[in-house]
Structure formats: C-alpha cells, structure tokens
Amino acid sequence: MAKKNTSDVETTTQDGGENAIFNKETEGLSQGQIVLRRFVRHRGAMTSLFIIVGLILFVFSALDQKIGPFKVPGWWHYGTEDLPELRSEGCKEGLVGCPTFSLRPKFLGGAGFGLGEHPFGQDDIGRDYFALVMRGAQRSIMVMFVIGIIGGTLGTIIGAISGFYRGWIDAVLMRFTDFIITIPAIIIGSVVGYHFGNLGVGFLAFYLGLFAWTGLSRLVRGEFLTLREREFVDAARVAGASNRRIIFKHILPNAVGVIIVSVTLLMSGAILLETALSYLGFGVVAPDVSLGLLISQYQDSFTTRPWLFWYPGLFIITIALSINFIGDGLRDAFDPRQRRRITKKDRESAKTVKKAGA
Amino acid sequence: MSEQVLKISDFNVDFWVDGVWYPAVIDMNLELNAGKVTAIVGESGSGKSTTALGLMSLLASNARMSGSVQVKQEEMLNANASTLRKFRGREVAYIFQEPMTALNPVYTIGFQIVETLRNHFDMGPTQAHARALELITLVDIPEPEKSISKYPHQLSGGQRQRAMIAQALACDPGLLVADEPTTALDVTVQAEILDLMRGLKDKLNSAILLITHDMGVVADMADEILVMKDGITVEHGTADQIFNNPQHPYTQQLLGAVPKLGSSKKRALPYSENAKPAPVLKLTDVTIEYPKRGRIPAFTAVKNFNLEIYPGEIVGLVGESGSGKTTVGRAAIGLLPIKDGTIEIVGKDISHATQKDLSSIRRHTGIVFQDPASSLNPRLPIGESIGEPIYLAGLAKGDALAHMVEDLLDQVELPRSYRNRYPHELSGGQRQRVGIARALALTPDLLIADEPTSALDVSVQARFLDLLQELQEKLKFACLFISHDLAVVDILSHRIAVMQNGLLVEEGDRDSILQKPKNDYTRRLISAVPVPDPAEQRIRREARLATKK
C-alpha cells in the first residue's frame, strides 16, 4: 500500500509540476478516487462496512424468504412460527428457554464450544429466539434503507429546488421544512405508527421517510446556494444549458458528498427511531417482529431472563454503530480539511518525494 | 556594517501528505541586515510563503523543518513555545496578503494594536491607546482619532493593509515579513503602500523580508533578491545583478515573461476608421443596478456606458476593483439584467431578452472566466465541458462531437488524450486553455475574457497570451478583454477603454491611451504600474511623488 502510494505520488509530481501538492490537498473533495482512498484508510469505517455487509448477508439468509413466487430456504433450522418444546436442561433453577450457546470448553467445566439447539434461547411460548432476532434485524435493516432512500430523495429534491431558485420558492419550501421540524419526530412516529403500523413494516418506513428529510434538505439547500454562485454554473448557462440540466448535471454531482454523508447518518437515526417506536408500541406490531418490539415485550424479564434483552440490544447497537461509523468515515473522506494525525514515526520517516531536477 | 537581523542556513521544510514527505523548501541560505530589503520571488508553489511562515514555526502540524533560523543571534527552530511567543510580534512581525482575513472582524483595529502592545510591553490601557493612535497616524490612515475605533470592514482595502502594517510595527520589530503585501490591492493603492513601507523601513531601520511574485514590486523595493523554484533557491544576488545580468535560465525566463508596459509593437486596427463594419457588440447608455436587498440600498454598478466592438478587434477594458468592468462583461452576454439602455450583439437587441431569446445569441458569444479552478465543473471530464455548448446547440452528437472536441483541443495545444481528464488533474494554465477551448467551441463572433490571466503565474500568463493572440488572428473573433493589468492589455488590445466607479472615463486606440492619456485617472493608473527594472522604476517613482506634491 505504502509502496503503491509512493509511485502514485511520483507520477503526479512529474505530471503536474508545482501543482502536485496543491492538487492532492485541495481537490480531494471533488474526486471519487481520492475520496475512496481516504475512506479505505479510515479503519473504523472499513471495519464497520465489513460488519454491516456481513451482518446483512447473515441475517437475511438465516430464515426462509419469500421472493415473489419463489421460496428461498434459510440455513437456520427454525422459523419464527415454529413452536418447539421449551427446554429447561442446563438452565438455572426454575428457568426455561435459556440460551444453549456456549463458548466455555469442556475441560474448564463448560458445555463445550457449540451453538446448541437454541443459541439465543426461547421466548415464553417456546419460539426460537435466534429466529426472532433474525427476523427483527431484517425488519430494522429494511426500515433503515427505506427511510434512507425516501428521506434522501425528498430532502435532496426539496433542498435542490429551494437552493437553486431562491426567492419565494425557497421561502415557501423552507417555511414548510421549518414547520415539519417543529413537530417532534417521536410524535409523528407514534401517529404514523398508530395508523399504519398494522399495514406492515414497509408502510411504516415509507411514512416515516416522508418526515425524515428536513435536515438533509437544509444542508442540500446550503450547498446549492454556494455552488450556484460558482463560475462553472455561469459557464454552463452561457453554453445554453437549461435550469434542469444545471441542477442535475452540474450542481447535484458536486453536492453528492454532503448528501451521502447525511443520508448515512439519517439511516442510523432511522434504525433507532423504529426501535423506539416499536418499544412504545407504535411501530411494528405483533405478530410481526422487530428488535424494538422484542425488547418491549420482554422488558419485565430483564432481571430473570436477561438474554431476551441482550441479543436484540446487541444487534441494534451493532447496526446503528456501524452505520454511524461509515457515515463518519465518509464525512472525513469528503472533507479535505480532515487530516490524519502525524505520528512520531511518520515524522522521522525518510519517505520523501524526489523533485525533478533537485 | 549594520546589525544582522536574520540568518537562515540549510533550511529545509517538508510536508507530510498522504504518507510521504513533500519537500517544500530545500537548503535555503539567507542573511538579512537591518535597514535592508530582501525579496523572495518565485511562482506559486515555489515555497516562498512556506519559508516566511517557517521562520517563526507557524506552519501546520504536518510540516517538518530542519536547519537553522537565527533571529538576532537566537535560534528559532525548535525553540520552546514561550521563546517563540516572545519573538513573534516583538522581533518578527508579519504583514499578510489579505488584510480582511488577517484582521479579526469582531474587534476594532485600535483594540488589535493595543492587544499586540500590551502582550509584549508592560503598558497601561491609556498609554497603549496613545501609542496605537501614534502608530495609526504614522501609517497615514485618515482621521486617526475616528479610525482607531473602526472595525476592519469599515475601512477600504488599502486602509486595512495600513492598519495591519501599524499592528506589525507596534513593537518596532527588527524584522518585518511581508507576504505578498500588495497582491490583493489595486495598482494605485499598491504604489502608496509600497511608498509607506519604504519610508517606515528608513525611519525605523527594520529589515524587510518581502515575498512576492510581482517583479515590478521587487524592482521597486528590493536590495537583494532570492529566486526560488520548486523549493530550490536558483539564484541569489543584488537587485542590479538579478535584473540586469540574470545567470540562471529560470530567472531569465521569469524576467522575460513579465509583460512590460509600452514594449509591444504597434498593431493596426483590423478595419479602417472611415468605413467601420457593423459592430459585434454595441452598448448604448447602459446602466446596471444591483437591486436593493433588505436594508442595503440599490447599487448602481455601471452608469451610462457606451462601447462598440467591431469584428476582429480586441478591446481592453481596464479599471480598478469595483469599477464595474466585470459587471459590463457579464451583462454583455446576458448573464446580468440591465436597468437602462440597450445591448446589441450581432444586431440583436438583448437588453430585455428572456432566457429563450438568449439561447439564440449563445451561439455567437463565448466567455472565459477569471478563475479556471471554479469555472470548470470538477465532476465533468474536460472533454464533456468543452463539448457541452456544441451538444446543447444541437450541432453534433456522439462521434461527431468527440471529433470536434479533439479539434478544439488541438487548437489550444492540449493533447487529445486530455479529453478524459478531470479539471483537478490539470495545471492552472492548462485549465485556462480548456476555458478558451470551451468558449470557442461554437466559433463565436464575440469572446468576453474576464481577467483570464489574473490567477496565473507570469510564465504561464505569457504562454496563454501568445495562444490567445494566435487564435484571435486565425479565427478573427472580436474580443472584450477585461483586466486590471495595464501591461497585459497593452500586449493584446487594439483599443482600450478605462473605467472608474462605473463610468467610462476614457476610450481610444491603444497607443493614444497609454502614451498620451487625457484623463487624470488614466494617467495615475499608468504611472502607478511598477516596472520590472530597478533603475527605471526609481525614476518613475520619483516622478510620481513629484506630481503628487
């Protein structure tokens, strides 16, 4: 990596002459490749990316899925509707359905390394808790993406229009945005959840998405206000470009950094919103399952059967944290002012670019 | 022998960028005595400013320095923070390029000077205030009593720079580092600031380290000159040696590239005075107003402006910042609405045209913008940027378009393979060539060039001007060349128009304007331009000061 980097740098130096450093430093913002390189170097973000991709594959392949008329079988031997017998072997006195998941080897007095029959345990009526958590995580991830896509699209379009046209269009759209912002998200969520929760998780996410665009639209508007004053917009206009073309071909690609970053952060917010709503009983409703709902159903069991709490909680934290880290990494990658700290080792490093003619 | 103020030996600076050290200054050696001016000249990226900031360890944390920097026999490199603080401002003071950003906008200039004073001396508020007043009087800011309690935004650009000099001089520093002190200023103001700095240097016996890219300023001020290229000192000598007998090829090239006023040969108008063809651009009594916004009243940027441009000629439009020249240029191709008067392009009146009407005249016009970094869409490969006007005019598509783009790249002497490159992969001069190629894509009758060279280094500027001249001779378009630099306008134009405060003050063919200016303002503008020749500049300076008194 380091080696490749050096040769990279040398070619640019020869090419761009005195501008090589300048280019590297200031134009990072505008270049997909440079952004990607900075992103790849962000350890937290890369780890999170692997975790989230792995998690999505893991979670969605675990249970049977219906895709159109086809039924794709999952690799886990229980579904959410199976009702196996409640087990009590290996549990503490008076408890049933405890997790069979064990990491302690036999020679240390444990049950040996293995998943067992119900690695996450069973719920009150004996349903496999692993299957339930998988289903819940699927729901949460779906909600996250739907809110991200709908909120992202709406926010971008509204922000773009009001930033580009300014004047009364801007005034109307932004006052409307202010109006939406003044209503607390949790209240909107509860009302939406109350009315549409029973239509399925897709609808819930869709309606939540309709209210999630406000922050993004303000950011995009700000970005458009700056970009529309840049000379390349005038140049495009002199070339005869229409407003539509200027917005979508010239300005939007330049604002994409802001959009990507804030959509990622919006998504991690969405997962927590869904969880919170389900916990309050306004989100996903039984018989469907979501992580928040699982926690709320078993909140009484916290002291006696804490695993009913641990596993959905663990998944919520992992997903939200990973998405947040990815968003952070993207923001750092898009922001040219962010620099990696120099360590003492770097300071003494002899890696130096040779100047032509030096 | 005067006292030695600054001694730099084997000074190196590297920057840590993406995992490698980039050298910015290599093995620099310099000695500077009290009362002397040493200039560091070089083009952008040569390491001049880095040197200036490195002296007092003001560089960003990704820099590493080695060698030795001694100020008054004390080592500054690797000195601890409190020693550095003691020397900054007290012994070494800085004047930066942009006074608006270097002064804190929320404090009055008086407060900022007092702050410097009380940081370094045991002084009471009243005493410090009195001294600040004295300093403001010293730098010739009008009405010192009132000005001391003004905020930076209430002062003009020149006054701000004076305030900054006053702050720099607060502690009678032994060394004044002036980093491009006049680059952001107009020529007439620049001349005044340089006079002021020269006077103060003699009065206070300070040494000045002047950093600039402008050979005219160097000729005006410097005793000794250091020429830098890519961090390396290529030549070091007295002003006379460097200007009259440059040794290094780079120095020769640099001096050769500087446009000199009155050095280009006479150019004949491409038409005869008696039988003028129909004008390409005709501005009649044009008034342009920026409408009022909230409490800010409407501002008339251009008033009753008349100008005609005929096919095949280049008209230079000069003026200082705020004179409205860019406004005229933008209005001339319909980017700004006008309040009064008429604008005709190739016989079509566009004064009150709608977006749709304008699209028909877009084929006849092109514009090259000032800042090549901002005028190209960073997300589009340059081939697409160049081809856009052709594509939108519906002239060509697909392969035919690609072919036309290649022809255009050939015209501006860029390799065809650059089609797929992004703007950031090109240097400033190359980007500006792309700007021309785009402007000429539709073979316009009228080209507006809005300060196309002000963001370029002199050697790049020289190549660019050659190219523009060649193209103009080949394609015979009419051109309105907007610039603040009289020397550049002198090289290019057939006719010159001079603007001041939104008014056209003088207009005529090039030689009559530059050699026999009738208007006072034009005369002042011409005499304020520094000439890159120390001897001649001294004569000009004295002549200018004589007329002032």
# chains A, B, ... in the order shown; residues from 1 in each chain; ligands from 1
$ residues_around --residues "Asp371 of chain B" --least-positions-apart "3" --cutoff "10 Å" --atoms "only C-alpha atoms" --output "PyMOL selection string"
(chain A and resi 230-232) or (chain B and resi 368+374-376+428+431-432+435+450-456)
$ write_last_selection --atoms "N, CA and C atoms" --output "PDB file, in the first residue's frame"
ATOM      1  N   ARG A 230     -20.838  29.541  -8.240  1.00  0.00           N
ATOM      2  CA  ARG A 230     -19.556  29.204  -8.852  1.00  0.00           C
ATOM      3  C   ARG A 230     -19.600  29.502 -10.342  1.00  0.00           C
ATOM      4  N   GLU A 231     -18.421  29.758 -10.877  1.00  0.00           N
ATOM      5  CA  GLU A 231     -18.402  30.202 -12.272  1.00  0.00           C
ATOM      6  C   GLU A 231     -18.797  29.111 -13.261  1.00  0.00           C
ATOM      7  N   PHE A 232     -18.597  27.844 -12.881  1.00  0.00           N
ATOM      8  CA  PHE A 232     -18.951  26.825 -13.871  1.00  0.00           C
ATOM      9  C   PHE A 232     -20.447  26.783 -14.137  1.00  0.00           C
TER      10      PHE A 232
ATOM     11  N   VAL B 368     -14.554  33.533 -21.233  1.00  0.00           N
ATOM     12  CA  VAL B 368     -13.501  32.877 -20.460  1.00  0.00           C
ATOM     13  C   VAL B 368     -13.505  33.532 -19.092  1.00  0.00           C
ATOM     14  N   SER B 374     -12.590  27.401 -10.719  1.00  0.00           N
ATOM     15  CA  SER B 374     -14.011  27.444 -10.395  1.00  0.00           C
ATOM     16  C   SER B 374     -14.891  27.396 -11.645  1.00  0.00           C
ATOM     17  N   SER B 375     -14.319  27.707 -12.803  1.00  0.00           N
ATOM     18  CA  SER B 375     -15.189  27.813 -13.974  1.00  0.00           C
ATOM     19  C   SER B 375     -15.341  26.490 -14.719  1.00  0.00           C
ATOM     20  N   LEU B 376     -14.615  25.464 -14.298  1.00  0.00           N
ATOM     21  CA  LEU B 376     -14.832  24.145 -14.887  1.00  0.00           C
ATOM     22  C   LEU B 376     -15.487  23.268 -13.842  1.00  0.00           C
ATOM     23  N   GLY B 428      -3.032  25.088 -13.658  1.00  0.00           N
ATOM     24  CA  GLY B 428      -3.831  26.292 -13.853  1.00  0.00           C
ATOM     25  C   GLY B 428      -3.841  26.764 -15.303  1.00  0.00           C
ATOM     26  N   ARG B 431      -5.892  24.479 -17.480  1.00  0.00           N
ATOM     27  CA  ARG B 431      -7.322  24.664 -17.249  1.00  0.00           C
ATOM     28  C   ARG B 431      -7.832  25.889 -17.994  1.00  0.00           C
ATOM     29  N   GLN B 432      -7.026  26.952 -17.976  1.00  0.00           N
ATOM     30  CA  GLN B 432      -7.475  28.155 -18.652  1.00  0.00           C
ATOM     31  C   GLN B 432      -7.543  27.915 -20.166  1.00  0.00           C
ATOM     32  N   GLY B 435     -10.691  26.442 -20.785  1.00  0.00           N
ATOM     33  CA  GLY B 435     -11.687  27.527 -20.752  1.00  0.00           C
ATOM     34  C   GLY B 435     -11.810  28.192 -22.109  1.00  0.00           C
ATOM     35  N   ASP B 450     -12.757  37.571 -19.069  1.00  0.00           N
ATOM     36  CA  ASP B 450     -12.850  38.313 -17.810  1.00  0.00           C
ATOM     37  C   ASP B 450     -11.635  37.980 -16.947  1.00  0.00           C
ATOM     38  N   GLU B 451     -10.628  38.821 -16.979  1.00  0.00           N
ATOM     39  CA  GLU B 451      -9.399  38.621 -16.205  1.00  0.00           C
ATOM     40  C   GLU B 451      -8.882  37.195 -16.327  1.00  0.00           C
ATOM     41  N   PRO B 452      -8.717  36.687 -17.546  1.00  0.00           N
ATOM     42  CA  PRO B 452      -8.377  35.261 -17.650  1.00  0.00           C
ATOM     43  C   PRO B 452      -6.990  34.934 -17.121  1.00  0.00           C
ATOM     44  N   THR B 453      -6.133  35.923 -16.944  1.00  0.00           N
ATOM     45  CA  THR B 453      -4.764  35.595 -16.543  1.00  0.00           C
ATOM     46  C   THR B 453      -4.455  35.956 -15.102  1.00  0.00           C
ATOM     47  N   SER B 454      -5.437  36.519 -14.382  1.00  0.00           N
ATOM     48  CA  SER B 454      -5.066  37.022 -13.056  1.00  0.00           C
ATOM     49  C   SER B 454      -4.769  35.905 -12.067  1.00  0.00           C
ATOM     50  N   ALA B 455      -5.230  34.690 -12.360  1.00  0.00           N
ATOM     51  CA  ALA B 455      -4.934  33.594 -11.432  1.00  0.00           C
ATOM     52  C   ALA B 455      -3.699  32.815 -11.868  1.00  0.00           C
ATOM     53  N   LEU B 456      -3.016  33.279 -12.908  1.00  0.00           N
ATOM     54  CA  LEU B 456      -1.902  32.503 -13.453  1.00  0.00           C
ATOM     55  C   LEU B 456      -0.550  33.134 -13.101  1.00  0.00           C
TER      56      LEU B 456
END
$ select_by_dssp --residues "segment 275-468 of chain B" --states "alpha helix (DSSP H)" --output "number ranges by chain"
B: 325-332, 355-361, 372-375, 382-392, 398-411, 428-439, 458-468
$ residues_around --residues "Leu210 of chain A" --least-positions-apart "6" --cutoff "9 Å" --atoms "only C-alpha atoms" --output "PyMOL selection string"
chain A and resi 147+150-151+154
$ atom_distance --atom1 "atom CA of Leu442 of chain B" --atom2 "atom CA of Asp349 of chain B"
20.2 Å
$ residues_around --residues "Leu414 of chain B" --least-positions-apart "2" --cutoff "12 Å" --atoms "only C-alpha atoms" --output "PyMOL selection string"
chain B and resi 382-383+405-412+416-419+421+426-427+429-437+467
$ residues_around --residues "Tyr422 of chain B" --least-positions-apart "3" --cutoff "7 Å" --atoms "only C-alpha atoms" --output "VMD selection string"
chain B and resid 378 380 to 382 425
$ write_last_selection --atoms "C-alpha atoms" --output "mmCIF file, in the first residue's frame"
data_model
loop_
_atom_site.group_PDB
_atom_site.id
_atom_site.type_symbol
_atom_site.label_atom_id
_atom_site.label_comp_id
_atom_site.auth_asym_id
_atom_site.auth_seq_id
_atom_site.Cartn_x
_atom_site.Cartn_y
_atom_site.Cartn_z
ATOM 1 C CA PRO B 378 -14.934 19.485 -11.166
ATOM 2 C CA LEU B 380 -17.066 16.561 -15.564
ATOM 3 C CA PRO B 381 -14.175 15.339 -17.702
ATOM 4 C CA ILE B 382 -12.886 18.307 -19.653
ATOM 5 C CA GLU B 425 -5.603 16.762 -12.976
#
$ closest_residue --among "A:Ala45, A:Val256, A:Ile51, A:Met142" --to "chain B" --atoms "only C-alpha atoms"
A:Val256
$ residues_around --residues "Ser459 of chain B" --least-positions-apart "4" --cutoff "7 Å" --atoms "only C-alpha atoms" --output "NGL selection string"
:B and (254 or 257 or 463)
